[in-house]
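Take a look at the structure below.
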Amino acid sequence: MTDTSLTIGELARRSGVAPSALRYYERLGLIRAVRTGGNQRRYQRAELRRVAFIRISQQVGVSLEELREALASLPESRTPTKADWAALSARWRGRLNDQIAFLERLRDDLTGCIGCGCLSLQRCRLYNPDDELSADGAGPRLLLPPGAS
């Protein structure tokens, strides 16, 4: 073991991720640990970058399964570099743009409807008389992106 390895507690403190989440990430193959003679986990410092990559990716809506696939696609399962991140994130760019557009519509529609304070059914953009929108699918059809289920 090198002196630069981190215990699970140290990795948790440095990364801001709970030890239970780190163990889960390890079970999924997102991060790697080696075991000491006493069967304690030790993480290389480079795992901090992988955990940061995981946290940021989750913040933009990337699932852990997608992350696992992305990280597994790297040569020798190495920690993502800046170039790796650019290539991997390009896969998600379209979905992120759709999410941004949805959030902007949601913000604007909610401000227009609830922001007035009246909640008038005659003026509410969310009002659905006689359930006319049921033919378009379940849920808040006026707020969901087209084709969403």
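Letters for chains follow the order of the structure tokens (A, B, ...), residue numbers begin at 1 for each chain, and ligand numbers begin at 1 in the order shown.
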
Item checked: Residue neighbourhood segment 13-29 of chain A, 9 Å, only C-alpha atoms, exclusion window fewer than 4 positions, as a list in words -> Ile8, Gly9, Ala33, Leu48, Arg49, Val51, Ala52, Arg55, Leu64, Glu65, Arg68, Leu71 and Ala72 of chain A

Keeping N, CA and C atoms for every residue in the selection just given, could you write it to a file as a short mmCIF file (atom, residue, chain, number, x, y, z; two decimals), in the first residue's frame?
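Written output follows (again-v2.cif):
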data_model
loop_
_atom_site.label_atom_id
_atom_site.label_comp_id
_atom_site.auth_asym_id
_atom_site.auth_seq_id
_atom_site.Cartn_x
_atom_site.Cartn_y
_atom_site.Cartn_z
N ILE A 8 -11.78 4.71 3.36
CA ILE A 8 -13.13 5.08 2.92
C ILE A 8 -13.60 6.35 3.62
N GLY A 9 -13.23 6.51 4.89
CA GLY A 9 -13.60 7.73 5.61
C GLY A 9 -12.94 8.96 5.02
N ALA A 33 -11.36 -0.10 -5.23
CA ALA A 33 -10.57 -0.09 -4.00
C ALA A 33 -9.71 -1.34 -4.00
N LEU A 48 -10.80 10.10 -6.30
CA LEU A 48 -11.48 11.36 -6.00
C LEU A 48 -12.05 11.97 -7.28
N ARG A 49 -11.27 11.92 -8.37
CA ARG A 49 -11.73 12.48 -9.64
C ARG A 49 -12.92 11.67 -10.17
N VAL A 51 -15.10 10.01 -8.38
CA VAL A 51 -16.27 10.34 -7.56
C VAL A 51 -16.82 11.72 -7.96
N ALA A 52 -15.94 12.67 -8.21
CA ALA A 52 -16.39 14.00 -8.68
C ALA A 52 -17.14 13.87 -10.00
N ARG A 55 -20.57 12.48 -9.28
CA ARG A 55 -21.45 13.48 -8.66
C ARG A 55 -21.95 14.50 -9.68
N LEU A 64 -26.77 6.09 -12.91
CA LEU A 64 -25.58 5.34 -12.52
C LEU A 64 -25.26 4.25 -13.53
N GLU A 65 -26.27 3.67 -14.15
CA GLU A 65 -26.01 2.65 -15.19
C GLU A 65 -25.31 3.28 -16.38
N ARG A 68 -21.77 3.86 -15.39
CA ARG A 68 -21.01 2.61 -15.37
C ARG A 68 -20.56 2.25 -16.78
N LEU A 71 -17.84 4.83 -17.93
CA LEU A 71 -16.54 4.60 -17.29
C LEU A 71 -15.91 3.30 -17.77
N ALA A 72 -16.73 2.30 -18.04
CA ALA A 72 -16.20 1.02 -18.54
C ALA A 72 -15.65 1.16 -19.95
#

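Of the residues listed (A:Ser73, A:Asn39, A:Ser134, A:Thr7), A:Ser73 shows the shortest atom-to-atom separation from Trp85 of chain A; distances use only C-alpha atoms.
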
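Nearest to Ser89 of chain A of all the residues A:Asp108, A:Ala70, A:Gly37, A:Asp136 is A:Ala70, based on only C-alpha atoms.
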
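Straight-line separation from atom CA of Asn97 of chain A to atom CA of Pro146 of chain A: 14.1 Å.
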
Check: With distances taken over only C-alpha atoms, which of A:Val60, A:Leu106, A:Ala12, A:Leu6 is nearest to Val34 of chain A?
Finding: A:Leu6
